[in-house]
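Novice: This is the content of coords-v7.cif (mmCIF, C-alpha atoms):
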data_query
loop_
_atom_site.label_atom_id
_atom_site.label_comp_id
_atom_site.auth_asym_id
_atom_site.auth_seq_id
_atom_site.Cartn_x
_atom_site.Cartn_y
_atom_site.Cartn_z
CA MET A 1 -17.81 -10.33 -15.72
CA ASP A 2 -15.03 -10.08 -18.28
CA ILE A 3 -11.52 -11.32 -17.51
CA LEU A 4 -9.98 -7.83 -17.29
CA LEU A 5 -12.57 -6.61 -14.79
CA MET A 6 -11.97 -9.80 -12.79
CA ILE A 7 -8.20 -9.17 -12.71
CA GLY A 8 -8.74 -5.55 -11.65
CA THR A 9 -11.21 -6.55 -8.93
CA LEU A 10 -8.88 -9.26 -7.61
CA ALA A 11 -5.97 -6.79 -7.70
CA ALA A 12 -7.97 -4.22 -5.68
CA LEU A 13 -9.09 -6.90 -3.20
CA LEU A 14 -5.55 -8.20 -2.65
CA THR A 15 -3.86 -4.82 -2.23
CA THR A 16 -6.62 -3.74 0.17
CA LEU A 17 -6.69 -6.99 2.17
CA SER A 18 -2.87 -7.14 2.33
CA PHE A 19 -3.09 -4.73 5.27
CA VAL A 20 -5.10 -7.22 7.37
CA PRO A 21 -2.13 -9.42 8.45
CA GLN A 22 -0.12 -6.30 9.38
CA VAL A 23 -3.01 -4.83 11.38
CA ILE A 24 -3.54 -8.16 13.21
CA LYS A 25 0.19 -8.50 13.91
CA ALA A 26 0.62 -4.94 15.23
CA HIS A 27 -2.64 -5.13 17.21
CA THR A 28 -1.86 -8.44 18.93
CA THR A 29 1.90 -8.06 19.53
CA LYS A 30 1.64 -4.31 20.34
CA LYS A 31 5.05 -4.10 18.60
CA THR A 32 5.41 -1.42 15.95
CA GLN A 33 9.04 -0.36 16.32
CA ASP A 34 10.09 -1.60 12.86
CA LEU A 35 7.12 0.07 11.16
CA SER A 36 7.85 3.43 9.55
CA PHE A 37 5.66 6.31 10.78
CA GLY A 38 6.53 8.15 7.56
CA MET A 39 5.19 5.31 5.44
CA PHE A 40 1.74 5.24 7.00
CA MET A 41 1.62 9.04 7.18
CA LEU A 42 2.34 9.51 3.45
CA LEU A 43 0.12 6.54 2.62
CA SER A 44 -2.82 7.97 4.59
CA VAL A 45 -2.55 11.38 2.89
CA GLY A 46 -2.26 9.63 -0.50
CA LEU A 47 -5.32 7.48 0.24
CA ILE A 48 -7.35 10.56 1.25
CA LEU A 49 -6.47 12.08 -2.15
CA TRP A 50 -7.49 8.80 -3.88
CA LEU A 51 -10.77 9.05 -2.00
CA VAL A 52 -11.33 12.64 -3.18
CA TYR A 53 -10.47 11.47 -6.72
CA GLY A 54 -12.92 8.56 -6.46
CA ILE A 55 -15.71 10.78 -5.09
CA ALA A 56 -15.15 13.34 -7.87
CA LEU A 57 -15.30 10.55 -10.47
CA ARG A 58 -18.23 8.89 -8.62
CA SER A 59 -16.24 5.64 -8.88
CA LEU A 60 -17.54 3.25 -6.23
CA PRO A 61 -14.60 0.76 -6.53
CA ILE A 62 -12.05 3.57 -5.97
CA ILE A 63 -14.08 4.96 -3.06
CA PHE A 64 -14.65 1.53 -1.51
CA ALA A 65 -11.10 0.11 -1.80
CA ASN A 66 -9.43 3.32 -0.62
CA SER A 67 -11.80 3.90 2.33
CA ILE A 68 -10.98 0.46 3.73
CA THR A 69 -7.24 0.80 3.12
CA LEU A 70 -7.33 4.27 4.71
CA ALA A 71 -9.00 2.85 7.84
CA PHE A 72 -6.24 0.19 8.11
CA SER A 73 -3.49 2.74 7.51
CA LEU A 74 -4.87 5.18 10.12
CA TYR A 75 -5.21 2.38 12.67
CA LEU A 76 -1.56 1.34 12.07
CA LEU A 77 -0.57 4.99 12.47
CA TYR A 78 -2.46 5.11 15.79
CA LEU A 79 -0.77 1.88 17.00
CA LYS A 80 2.64 3.24 15.93
CA LYS A 81 1.99 6.50 17.83
CA LYS A 82 0.85 4.49 20.88
CA HIS A 83 3.54 1.78 21.01
CA GLY A 84 6.43 3.66 19.38
CA MET B 1 -3.59 19.79 -16.32
CA ASP B 2 -7.05 19.85 -14.78
CA ILE B 3 -7.51 19.75 -11.00
CA LEU B 4 -8.86 16.18 -10.95
CA LEU B 5 -5.91 14.80 -12.91
CA MET B 6 -3.61 16.70 -10.54
CA ILE B 7 -5.28 15.14 -7.48
CA GLY B 8 -5.04 11.66 -9.03
CA THR B 9 -1.39 12.13 -9.96
CA LEU B 10 -0.51 13.44 -6.49
CA ALA B 11 -2.45 10.52 -4.92
CA ALA B 12 -0.51 7.99 -7.04
CA LEU B 13 2.81 9.69 -6.25
CA LEU B 14 2.13 9.73 -2.48
CA THR B 15 0.91 6.13 -2.20
CA THR B 16 3.89 4.95 -4.28
CA LEU B 17 6.51 7.07 -2.47
CA SER B 18 5.07 6.17 0.96
CA PHE B 19 7.10 2.95 0.75
CA VAL B 20 10.40 4.87 0.59
CA PRO B 21 10.68 5.63 4.37
CA GLN B 22 9.82 1.98 5.19
CA VAL B 23 12.42 0.66 2.72
CA ILE B 24 15.07 3.05 4.08
CA LYS B 25 14.21 2.11 7.69
CA ALA B 26 14.27 -1.67 7.10
CA HIS B 27 17.41 -1.42 4.93
CA THR B 28 19.42 0.64 7.41
CA THR B 29 18.28 -0.89 10.71
CA LYS B 30 18.12 -4.46 9.29
CA LYS B 31 15.13 -4.84 11.64
CA THR B 32 11.98 -6.29 10.11
CA GLN B 33 10.51 -8.29 12.98
CA ASP B 34 7.39 -6.15 13.32
CA LEU B 35 6.71 -6.21 9.57
CA SER B 36 4.14 -8.74 8.42
CA PHE B 37 5.39 -11.20 5.78
CA GLY B 38 1.75 -11.83 4.84
CA MET B 39 1.19 -8.14 4.12
CA PHE B 40 4.02 -7.78 1.62
CA MET B 41 3.28 -11.19 0.10
CA LEU B 42 -0.42 -10.35 -0.58
CA LEU B 43 0.54 -6.83 -1.62
CA SER B 44 3.13 -8.10 -4.14
CA VAL B 45 0.65 -10.54 -5.72
CA GLY B 46 -1.97 -7.76 -5.84
CA LEU B 47 0.52 -5.34 -7.44
CA ILE B 48 1.47 -7.94 -10.09
CA LEU B 49 -2.25 -8.19 -10.94
CA TRP B 50 -2.50 -4.36 -11.09
CA LEU B 51 0.47 -4.47 -13.48
CA VAL B 52 -1.27 -7.06 -15.70
CA TYR B 53 -4.40 -4.87 -15.58
CA GLY B 54 -2.42 -1.76 -16.53
CA ILE B 55 -0.61 -3.54 -19.38
CA ALA B 56 -3.94 -4.89 -20.73
CA LEU B 57 -5.42 -1.36 -20.58
CA ARG B 58 -2.14 0.15 -21.92
CA SER B 59 -2.38 2.60 -19.01
CA LEU B 60 1.09 4.04 -18.43
CA PRO B 61 0.23 5.60 -15.01
CA ILE B 62 -1.07 2.24 -13.67
CA ILE B 63 1.97 0.41 -15.10
CA PHE B 64 4.43 3.01 -13.82
CA ALA B 65 3.06 3.46 -10.26
CA ASN B 66 2.56 -0.27 -9.68
CA SER B 67 5.98 -1.31 -11.06
CA ILE B 68 7.74 0.99 -8.61
CA THR B 69 5.54 -0.05 -5.66
CA LEU B 70 6.09 -3.71 -6.60
CA ALA B 71 9.86 -3.22 -6.55
CA PHE B 72 9.62 -1.68 -3.04
CA SER B 73 7.30 -4.42 -1.82
CA LEU B 74 9.51 -7.24 -3.15
CA TYR B 75 12.59 -5.64 -1.60
CA LEU B 76 10.82 -5.44 1.81
CA LEU B 77 9.81 -9.09 1.38
CA TYR B 78 13.46 -9.97 0.71
CA LEU B 79 14.64 -8.03 3.78
CA LYS B 80 11.93 -9.69 5.91
CA LYS B 81 13.03 -13.15 4.66
CA LYS B 82 16.67 -12.25 5.38
CA HIS B 83 16.36 -10.61 8.80
CA GLY B 84 13.25 -12.39 10.13
#
Just give me the structure of the file as structure tokens.

Specialist:
Amino acid sequence: MDILLMIGTLAALLTTLSFVPQVIKAHTTKKTQDLSFGMFMLLSVGLILWLVYGIALRSLPIIFANSITLAFSLYLLYLKKKHG
Amino acid sequence: MDILLMIGTLAALLTTLSFVPQVIKAHTTKKTQDLSFGMFMLLSVGLILWLVYGIALRSLPIIFANSITLAFSLYLLYLKKKHG
């Protein structure tokens, strides 16, 4: 694997996995007051569009990274809706 | 502009701008307790790698979108450090 592909893969992994600590925190504390509903709303719509883009391009990395991030974002949106 | 490029551009705009409501909320309320430090730390490192990737590829959209998101992420990290 060349160095550039490695950097891109690591970048995609980190930005996707960055949501894990936030999901764990919101899930366990049930506290979401300081989270912005608008952020995860806009983010989810944006990620759906990235997914459409990835499917159209048949790009597995774009499809894969954005599906996982979308799942995290939708779950945070659900927790925010539930706990306020 | 073809439809696919339009979807990609809109996706990049939305995922980048999604941070705006969170930045405004954290900045005005000075409340960041429910935000995960780990999220914005991993995200910032990931975005720096995306930036390196974009610079290596000389891809202006990747450089542009990730610079702005990085600025938002670092500012949220600063607010989180400041307000706890």

Novice: Which is closer to Val20 in chain B than all the others in B:Leu57, B:Ala71, B:Met41, B:Val52, using all atoms listed in the file?

Specialist: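 Result for the nearest residue to Val20 in chain B: B:Ala71.
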
Novice: Distance limit 10 Å, atoms considered: all atoms listed in the file. Which chain B residues sit that close to chain A? Return them as a PyMOL selection string.

Specialist: chain B and resi 3-26+29-54+56-57

Novice: Please indicate the distance in Å from CA of Tyr75 in chain B to CA of Ile62 in chain B, rounded to one decimal place.

Specialist: 19.9 Å

Novice: Report, in Å with one decimal, the straight-line distance from CA of Ser67 in chain A to CA of Ile55 in chain B.

Specialist: 25.5 Å

Novice: What is the CA of Ile63 in chain A-CA of Phe72 in chain B distance in Å, reported with one decimal?

Specialist: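 The value is 24.6 Å.
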
Novice: Around all of range 47-57 of chain B's listed atoms, make the axis-aligned box with 6 Å on each side and tell me centre and edge lengths in Å to one decimal, as AutoDock Vina command-line options.

Specialist:
--center_x -2.0 --center_y -4.8 --center_z -14.1 --size_x 18.9 --size_y 18.8 --size_z 25.3
